Amino acid sequence: MAFKGFFGRGRDTAPAPAAGEPASAEVSDATTDDDGDETPEAAPARSWRERAAAVLPTGASTGSKRAEALYGALDENGPTHFVDARGCHLTSVDGHRYLDCTMALGAVALGYTEPRVTRAVIEAASQGGVSALSSWREVELAERLCALIPCAERVQFLKTGAEATSAAVRLARTYTGREHVVASGYFGWHDWSSEAAGVPAATRRDTTRVPFDDVDALERAVTAAGSSLAAVVLEPIVERTPAIAWLARARALCDATGAALVFDEVKTGFRVAPGGYQEVCGITPDLASFGKAMANGYPLSAVVGRQALMDAARTTWISSTLASESVALAASLAVLDWHDEADIAATLAETGREMRAAVDRAIEASGVQGVHTLGVDPMWLMRWDDPARESRFLVHAMHEGVLFKRGAYNYAAVAHDEESLRVIEAAASAALVALLEDEA
Ligand SMILES: Cc1ncc(COP(=O)(O)O)c(C=O)c1O
């Protein structure tokens with residue numbers, strides 16, 4: 001059977017069930033064919049979780065989607081993979097339906113499979129996502145971003161938030177001819193901002209980390225960097241908005257030293273306002289990075305900024321083969337259409353406020369101590385004193401059909417409607433009561 005090996009690969013391929021129809025990777029009836037080979041029915045029973053662990057070193061290419069990162073390690077049969085996502089719901093490979101409060105780590109703010117975005121994506125894909133030439137959509141989207149984002153005079157597209165923020169740092173270093181970066185926030189996995197294993201010590205020395213919203217620490221780091229300061233890179237909101245004085249001081253320090261002020265708006269862009277937090281706070285950086293909600297779950301990011309700094313892209317080299325493929329650009333154009341027609345940021349704020357209030361009511365009614373909610377309206381989180389109790393709560397909530405994010409933001413989406421809010425409150429209440437029963 002010449003093709004057996006090849007076609008055999010399909011044996012473990014996920015059968016995509018119709019929405020709501022149970023599907024499972026587990027097959028247990030042992031049979032063999034005439035050659036004594038295992039037939040599909042004879043494949044050993046293996047869950048998607050086990051199969052993922054066998055081929056993906058960390059179990060999932062997106063770290064925060066590992067079950068332990070999502071709801072903890074207490075339920076080894078909990079959901080790990082999905083076959084369908086619509087609105088604010090997903091269906092797991094074993095046919096269970098969940099209300100999702102994570103919204104793909106904030107990559108989706110309208111809702112999964114939002115019809116206008118999906119139509120735009122299908123049209124772009126059917127016209128050919130790439131060719132020898134750039135897509136016209138790249139120009140149109142860049143023009144529209146320049147009209148929307150306060151600091152944007154020029155745009156360059158990439159695929160991930162980490163890429164866009166790293167590009168901003170590269171542009172700042174090229175423009176200033178300096179190397180040191182003072183940074184506050186999370187910027188992805190790239191070397192310049194990471195303290196993970198494998199990052200060269202020399203690279204780490206080029207970045208000084210400062211705490212969020214701490215003017216004195218910022219001033220000390222900028223002073224210490226002296227004439228080598230290329231950029232101050234800030235995530236402008238981390239669990240709360242900072243004092244305006246922090247951002248204003250960063251602006252003033254950059255003006256005084258000639259360094260570039262960079263805002264990482266990967267989470268805040270097209271969420272707190274279309275143009276990010278810079279649109280709200282009135283302090284304009286020199287460069288900014290956008291991603292996540294900008295294309296409602298399709299892979300697209302952008303570094304934007306003042307022309308003088310962005311033109312450093314001509315001197316250095318920032319390029320990626322698929323940076324301008326048209327499917328994600330089309331998705332983003334559809335997202336911008338939504339923002340033009342409706343106050344999406346206001347809807348996200350209101351919905352997030354109500355989601356959080358629903359969980360606050362559940363906490364209050366249950367009498368459970370050691371947990372509270374925090375965050376800004378469209379992105380909020382639960383903070384538990386005890387991570388073990390947090391995991392138990394999350395697993396109970398998951399069994400009630402709602403996925404909350406462990407230790408990080410839950411994100412509001414336009415798709416979270418009134419009924420979703422009721423479901424969230426009911427699930428949180430039931431999970432808190434179950435936690436109390438565990439502890440009784
Ligand atoms: C503020 C911020 N910047 C950068 C990143 C990295 O983006 P990506 O994971 O798309 O590379 C993230 C991801 O969560 C983020 O929250």
# chains A, B, ... in the order shown; residues from 1 in each chain; ligands from 1
call {"tool": "residues_around", "arguments": {"residues": "segment 250-256 of chain A", "least_positions_apart": "6", "cutoff": "9 Å", "atoms": "only C-alpha atoms", "output": "list of chain:residue names"}}
result
A:Val215, A:Leu218, A:Glu219, A:Val222, A:Leu229, A:Ala230, A:Ala231, A:Val232, A:Leu234, A:Ile283, A:Thr284, A:Pro285
call {"tool": "write_last_selection", "arguments": {"atoms": "N, CA and C atoms", "output": "PDB file, in the first residue's frame"}}
result
ATOM      1  N   VAL A 215       6.903  57.299  38.792  1.00  0.00           N
ATOM      2  CA  VAL A 215       7.638  58.410  38.176  1.00  0.00           C
ATOM      3  C   VAL A 215       9.098  58.404  38.620  1.00  0.00           C
ATOM      4  N   LEU A 218      11.156  55.750  36.914  1.00  0.00           N
ATOM      5  CA  LEU A 218      11.351  56.124  35.508  1.00  0.00           C
ATOM      6  C   LEU A 218      12.477  57.152  35.387  1.00  0.00           C
ATOM      7  N   GLU A 219      12.421  58.146  36.237  1.00  0.00           N
ATOM      8  CA  GLU A 219      13.456  59.188  36.194  1.00  0.00           C
ATOM      9  C   GLU A 219      14.835  58.610  36.475  1.00  0.00           C
ATOM     10  N   VAL A 222      16.047  56.591  33.445  1.00  0.00           N
ATOM     11  CA  VAL A 222      16.407  57.468  32.317  1.00  0.00           C
ATOM     12  C   VAL A 222      17.734  58.164  32.623  1.00  0.00           C
ATOM     13  N   LEU A 229      20.268  56.434  25.887  1.00  0.00           N
ATOM     14  CA  LEU A 229      18.830  56.113  25.872  1.00  0.00           C
ATOM     15  C   LEU A 229      18.225  56.288  24.473  1.00  0.00           C
ATOM     16  N   ALA A 230      17.743  55.176  23.927  1.00  0.00           N
ATOM     17  CA  ALA A 230      17.091  55.217  22.609  1.00  0.00           C
ATOM     18  C   ALA A 230      15.586  55.377  22.739  1.00  0.00           C
ATOM     19  N   ALA A 231      14.989  54.698  23.732  1.00  0.00           N
ATOM     20  CA  ALA A 231      13.525  54.705  23.805  1.00  0.00           C
ATOM     21  C   ALA A 231      13.029  54.419  25.221  1.00  0.00           C
ATOM     22  N   VAL A 232      11.887  54.994  25.510  1.00  0.00           N
ATOM     23  CA  VAL A 232      11.108  54.607  26.691  1.00  0.00           C
ATOM     24  C   VAL A 232       9.863  53.914  26.136  1.00  0.00           C
ATOM     25  N   LEU A 234       6.411  51.962  26.921  1.00  0.00           N
ATOM     26  CA  LEU A 234       5.444  51.780  28.006  1.00  0.00           C
ATOM     27  C   LEU A 234       4.193  51.072  27.523  1.00  0.00           C
ATOM     28  N   ILE A 283      -1.699  62.175  25.580  1.00  0.00           N
ATOM     29  CA  ILE A 283      -0.233  62.234  25.453  1.00  0.00           C
ATOM     30  C   ILE A 283       0.154  61.402  24.236  1.00  0.00           C
ATOM     31  N   THR A 284       0.845  62.027  23.328  1.00  0.00           N
ATOM     32  CA  THR A 284       1.110  61.369  22.045  1.00  0.00           C
ATOM     33  C   THR A 284       2.537  60.834  22.015  1.00  0.00           C
ATOM     34  N   PRO A 285       2.670  59.524  21.839  1.00  0.00           N
ATOM     35  CA  PRO A 285       4.024  58.958  21.736  1.00  0.00           C
ATOM     36  C   PRO A 285       4.611  59.244  20.351  1.00  0.00           C
TER      37      PRO A 285
END
call {"tool": "residues_around", "arguments": {"residues": "Leu336 of chain A", "least_positions_apart": "3", "cutoff": "9 Å", "atoms": "only C-alpha atoms", "output": "MDAnalysis selection string"}}
result
chainID A and resid 141 144:145 270 274 294:295 331:333 339:341
call {"tool": "closest_residue", "arguments": {"among": "A:Ala107, A:Ala162, A:Ala132, A:Leu421", "to": "ligand 1", "atoms": "only C-alpha atoms and all ligand atoms"}}
result
A:Ala162
call {"tool": "residues_near_ligand", "arguments": {"ligand": "ligand 1", "cutoff": "6 Å", "atoms": "only C-alpha atoms and all ligand atoms", "output": "VMD selection string"}}
result
chain A and resid 160 to 162 186 to 188 235 264 266 to 267
call {"tool": "write_last_selection", "arguments": {"atoms": "C-alpha atoms", "output": "mmCIF file, in the first residue's frame"}}
result
data_model
loop_
_atom_site.group_PDB
_atom_site.id
_atom_site.type_symbol
_atom_site.label_atom_id
_atom_site.label_comp_id
_atom_site.auth_asym_id
_atom_site.auth_seq_id
_atom_site.Cartn_x
_atom_site.Cartn_y
_atom_site.Cartn_z
ATOM 1 C CA THR A 160 2.260 39.770 15.925
ATOM 2 C CA GLY A 161 2.260 42.243 18.755
ATOM 3 C CA ALA A 162 5.773 41.240 19.756
ATOM 4 C CA TYR A 186 4.686 42.983 28.720
ATOM 5 C CA PHE A 187 5.753 43.086 25.103
ATOM 6 C CA GLY A 188 5.840 39.457 23.978
ATOM 7 C CA GLU A 235 2.383 49.615 28.155
ATOM 8 C CA ASP A 264 2.560 49.444 23.277
ATOM 9 C CA VAL A 266 -1.428 45.910 21.509
ATOM 10 C CA LYS A 267 -4.126 45.386 24.156
#
call {"tool": "select_by_dssp", "arguments": {"residues": "segment 97-334 of chain A", "states": "alpha helix (DSSP H)", "output": "ChimeraX atom specification"}}
result
/A:103-106,115-126,136-148,161-176,201-205,215-225,244-257,277-281,307-310,326-334
call {"tool": "residues_around", "arguments": {"residues": "Pro242 of chain A", "least_positions_apart": "3", "cutoff": "10 Å", "atoms": "only C-alpha atoms", "output": "list in words"}}
result
Phe212, Asp213, Asp214, Pro236, Ile237, Val238, Glu239, Ala245, Trp246, Leu247 and Cys281 of chain A
call {"tool": "residues_around", "arguments": {"residues": "Asn410 of chain A", "least_positions_apart": "2", "cutoff": "10 Å", "atoms": "only C-alpha atoms", "output": "mmCIF file with C-alpha atoms, in the first residue's frame"}}
result
data_model
loop_
_atom_site.group_PDB
_atom_site.id
_atom_site.type_symbol
_atom_site.label_atom_id
_atom_site.label_comp_id
_atom_site.auth_asym_id
_atom_site.auth_seq_id
_atom_site.Cartn_x
_atom_site.Cartn_y
_atom_site.Cartn_z
ATOM 1 C CA ASP A 100 -15.733 32.441 26.562
ATOM 2 C CA CYS A 101 -14.663 35.415 28.681
ATOM 3 C CA THR A 102 -11.063 35.314 27.424
ATOM 4 C CA MET A 103 -11.920 36.187 23.807
ATOM 5 C CA ALA A 104 -8.712 34.592 22.564
ATOM 6 C CA LEU A 105 -6.553 36.682 24.912
ATOM 7 C CA GLY A 106 -8.213 39.837 23.686
ATOM 8 C CA GLY A 352 -16.971 44.799 30.457
ATOM 9 C CA MET A 355 -19.435 41.413 33.184
ATOM 10 C CA ARG A 356 -17.320 42.480 36.107
ATOM 11 C CA GLY A 375 -9.063 46.161 35.807
ATOM 12 C CA PRO A 378 -13.259 46.426 28.720
ATOM 13 C CA MET A 379 -10.547 44.235 30.294
ATOM 14 C CA TRP A 380 -10.925 43.077 33.859
ATOM 15 C CA LEU A 381 -9.647 40.231 35.988
ATOM 16 C CA MET A 382 -10.200 38.302 39.187
ATOM 17 C CA LEU A 403 -14.254 29.975 30.712
ATOM 18 C CA PHE A 404 -12.584 32.712 32.741
ATOM 19 C CA LYS A 405 -8.868 33.446 32.402
ATOM 20 C CA ARG A 406 -6.544 32.464 35.191
ATOM 21 C CA GLY A 407 -4.522 35.366 36.603
ATOM 22 C CA ALA A 408 -5.065 37.663 33.638
ATOM 23 C CA ALA A 412 -15.485 42.086 26.869
ATOM 24 C CA ALA A 413 -16.712 41.564 23.333
#
call {"tool": "closest_residue", "arguments": {"among": "A:Ala164, A:Ala221, A:Ile149, A:Ala109", "to": "Ala349 of chain A", "atoms": "only C-alpha atoms"}}
result
A:Ala109
call {"tool": "residues_around", "arguments": {"residues": "Glu400 of chain A", "least_positions_apart": "2", "cutoff": "12 Å", "atoms": "only C-alpha atoms", "output": "VMD selection string"}}
result
chain A and resid 78 96 to 100 393 to 398 402 to 404 423 to 434
call {"tool": "write_last_selection", "arguments": {"atoms": "N, CA and C atoms", "output": "PDB file, in the first residue's frame"}}
result
ATOM      1  N   GLY A  78     -10.395  18.368  31.299  1.00  0.00           N
ATOM      2  CA  GLY A  78     -10.999  19.633  30.882  1.00  0.00           C
ATOM      3  C   GLY A  78     -10.689  19.939  29.423  1.00  0.00           C
ATOM      4  N   HIS A  96     -18.552  19.963  23.889  1.00  0.00           N
ATOM      5  CA  HIS A  96     -19.114  20.831  24.924  1.00  0.00           C
ATOM      6  C   HIS A  96     -19.065  22.283  24.460  1.00  0.00           C
ATOM      7  N   ARG A  97     -20.087  23.032  24.848  1.00  0.00           N
ATOM      8  CA  ARG A  97     -20.159  24.439  24.451  1.00  0.00           C
ATOM      9  C   ARG A  97     -19.832  25.309  25.661  1.00  0.00           C
ATOM     10  N   TYR A  98     -18.976  26.294  25.468  1.00  0.00           N
ATOM     11  CA  TYR A  98     -18.569  27.173  26.564  1.00  0.00           C
ATOM     12  C   TYR A  98     -18.791  28.626  26.186  1.00  0.00           C
ATOM     13  N   LEU A  99     -19.157  29.407  27.186  1.00  0.00           N
ATOM     14  CA  LEU A  99     -19.158  30.858  27.016  1.00  0.00           C
ATOM     15  C   LEU A  99     -17.741  31.334  27.344  1.00  0.00           C
ATOM     16  N   ASP A 100     -17.152  32.070  26.449  1.00  0.00           N
ATOM     17  CA  ASP A 100     -15.733  32.441  26.562  1.00  0.00           C
ATOM     18  C   ASP A 100     -15.601  33.879  27.052  1.00  0.00           C
ATOM     19  N   PHE A 393     -11.965  27.263  41.643  1.00  0.00           N
ATOM     20  CA  PHE A 393     -13.067  28.087  41.135  1.00  0.00           C
ATOM     21  C   PHE A 393     -13.159  27.990  39.609  1.00  0.00           C
ATOM     22  N   LEU A 394     -12.018  28.118  38.951  1.00  0.00           N
ATOM     23  CA  LEU A 394     -12.029  28.134  37.482  1.00  0.00           C
ATOM     24  C   LEU A 394     -12.531  26.814  36.908  1.00  0.00           C
ATOM     25  N   VAL A 395     -12.153  25.709  37.548  1.00  0.00           N
ATOM     26  CA  VAL A 395     -12.612  24.404  37.071  1.00  0.00           C
ATOM     27  C   VAL A 395     -14.122  24.275  37.305  1.00  0.00           C
ATOM     28  N   HIS A 396     -14.595  24.724  38.467  1.00  0.00           N
ATOM     29  CA  HIS A 396     -16.049  24.686  38.702  1.00  0.00           C
ATOM     30  C   HIS A 396     -16.771  25.558  37.664  1.00  0.00           C
ATOM     31  N   ALA A 397     -16.237  26.750  37.402  1.00  0.00           N
ATOM     32  CA  ALA A 397     -16.880  27.640  36.414  1.00  0.00           C
ATOM     33  C   ALA A 397     -16.877  26.987  35.037  1.00  0.00           C
ATOM     34  N   MET A 398     -15.762  26.333  34.718  1.00  0.00           N
ATOM     35  CA  MET A 398     -15.678  25.633  33.432  1.00  0.00           C
ATOM     36  C   MET A 398     -16.750  24.542  33.348  1.00  0.00           C
ATOM     37  N   VAL A 402     -18.577  28.179  31.620  1.00  0.00           N
ATOM     38  CA  VAL A 402     -17.975  29.499  31.379  1.00  0.00           C
ATOM     39  C   VAL A 402     -16.462  29.415  31.587  1.00  0.00           C
ATOM     40  N   LEU A 403     -15.718  29.930  30.614  1.00  0.00           N
ATOM     41  CA  LEU A 403     -14.254  29.975  30.712  1.00  0.00           C
ATOM     42  C   LEU A 403     -13.814  31.375  31.108  1.00  0.00           C
ATOM     43  N   PHE A 404     -13.239  31.470  32.320  1.00  0.00           N
ATOM     44  CA  PHE A 404     -12.584  32.712  32.741  1.00  0.00           C
ATOM     45  C   PHE A 404     -11.081  32.495  32.617  1.00  0.00           C
ATOM     46  N   VAL A 423     -25.641  34.353  32.193  1.00  0.00           N
ATOM     47  CA  VAL A 423     -24.942  33.061  32.267  1.00  0.00           C
ATOM     48  C   VAL A 423     -23.645  33.207  33.071  1.00  0.00           C
ATOM     49  N   ILE A 424     -22.940  34.300  32.842  1.00  0.00           N
ATOM     50  CA  ILE A 424     -21.673  34.532  33.565  1.00  0.00           C
ATOM     51  C   ILE A 424     -21.947  34.633  35.070  1.00  0.00           C
ATOM     52  N   GLU A 425     -22.977  35.392  35.440  1.00  0.00           N
ATOM     53  CA  GLU A 425     -23.266  35.552  36.869  1.00  0.00           C
ATOM     54  C   GLU A 425     -23.686  34.220  37.492  1.00  0.00           C
ATOM     55  N   ALA A 426     -24.530  33.491  36.763  1.00  0.00           N
ATOM     56  CA  ALA A 426     -25.009  32.204  37.306  1.00  0.00           C
ATOM     57  C   ALA A 426     -23.847  31.224  37.455  1.00  0.00           C
ATOM     58  N   ALA A 427     -22.970  31.185  36.473  1.00  0.00           N
ATOM     59  CA  ALA A 427     -21.836  30.243  36.530  1.00  0.00           C
ATOM     60  C   ALA A 427     -20.866  30.629  37.637  1.00  0.00           C
ATOM     61  N   ALA A 428     -20.605  31.935  37.753  1.00  0.00           N
ATOM     62  CA  ALA A 428     -19.688  32.382  38.818  1.00  0.00           C
ATOM     63  C   ALA A 428     -20.293  32.055  40.179  1.00  0.00           C
ATOM     64  N   SER A 429     -21.598  32.285  40.334  1.00  0.00           N
ATOM     65  CA  SER A 429     -22.254  31.983  41.618  1.00  0.00           C
ATOM     66  C   SER A 429     -22.144  30.504  41.942  1.00  0.00           C
ATOM     67  N   ALA A 430     -22.499  29.671  40.966  1.00  0.00           N
ATOM     68  CA  ALA A 430     -22.477  28.217  41.207  1.00  0.00           C
ATOM     69  C   ALA A 430     -21.050  27.754  41.523  1.00  0.00           C
ATOM     70  N   ALA A 431     -20.068  28.313  40.834  1.00  0.00           N
ATOM     71  CA  ALA A 431     -18.676  27.897  41.057  1.00  0.00           C
ATOM     72  C   ALA A 431     -18.196  28.328  42.443  1.00  0.00           C
ATOM     73  N   LEU A 432     -18.631  29.499  42.889  1.00  0.00           N
ATOM     74  CA  LEU A 432     -18.216  29.970  44.217  1.00  0.00           C
ATOM     75  C   LEU A 432     -18.874  29.128  45.308  1.00  0.00           C
ATOM     76  N   VAL A 433     -20.142  28.776  45.086  1.00  0.00           N
ATOM     77  CA  VAL A 433     -20.824  27.906  46.061  1.00  0.00           C
ATOM     78  C   VAL A 433     -20.136  26.543  46.102  1.00  0.00           C
ATOM     79  N   ALA A 434     -19.778  26.022  44.932  1.00  0.00           N
ATOM     80  CA  ALA A 434     -19.092  24.719  44.886  1.00  0.00           C
ATOM     81  C   ALA A 434     -17.739  24.791  45.604  1.00  0.00           C
TER      82      ALA A 434
END
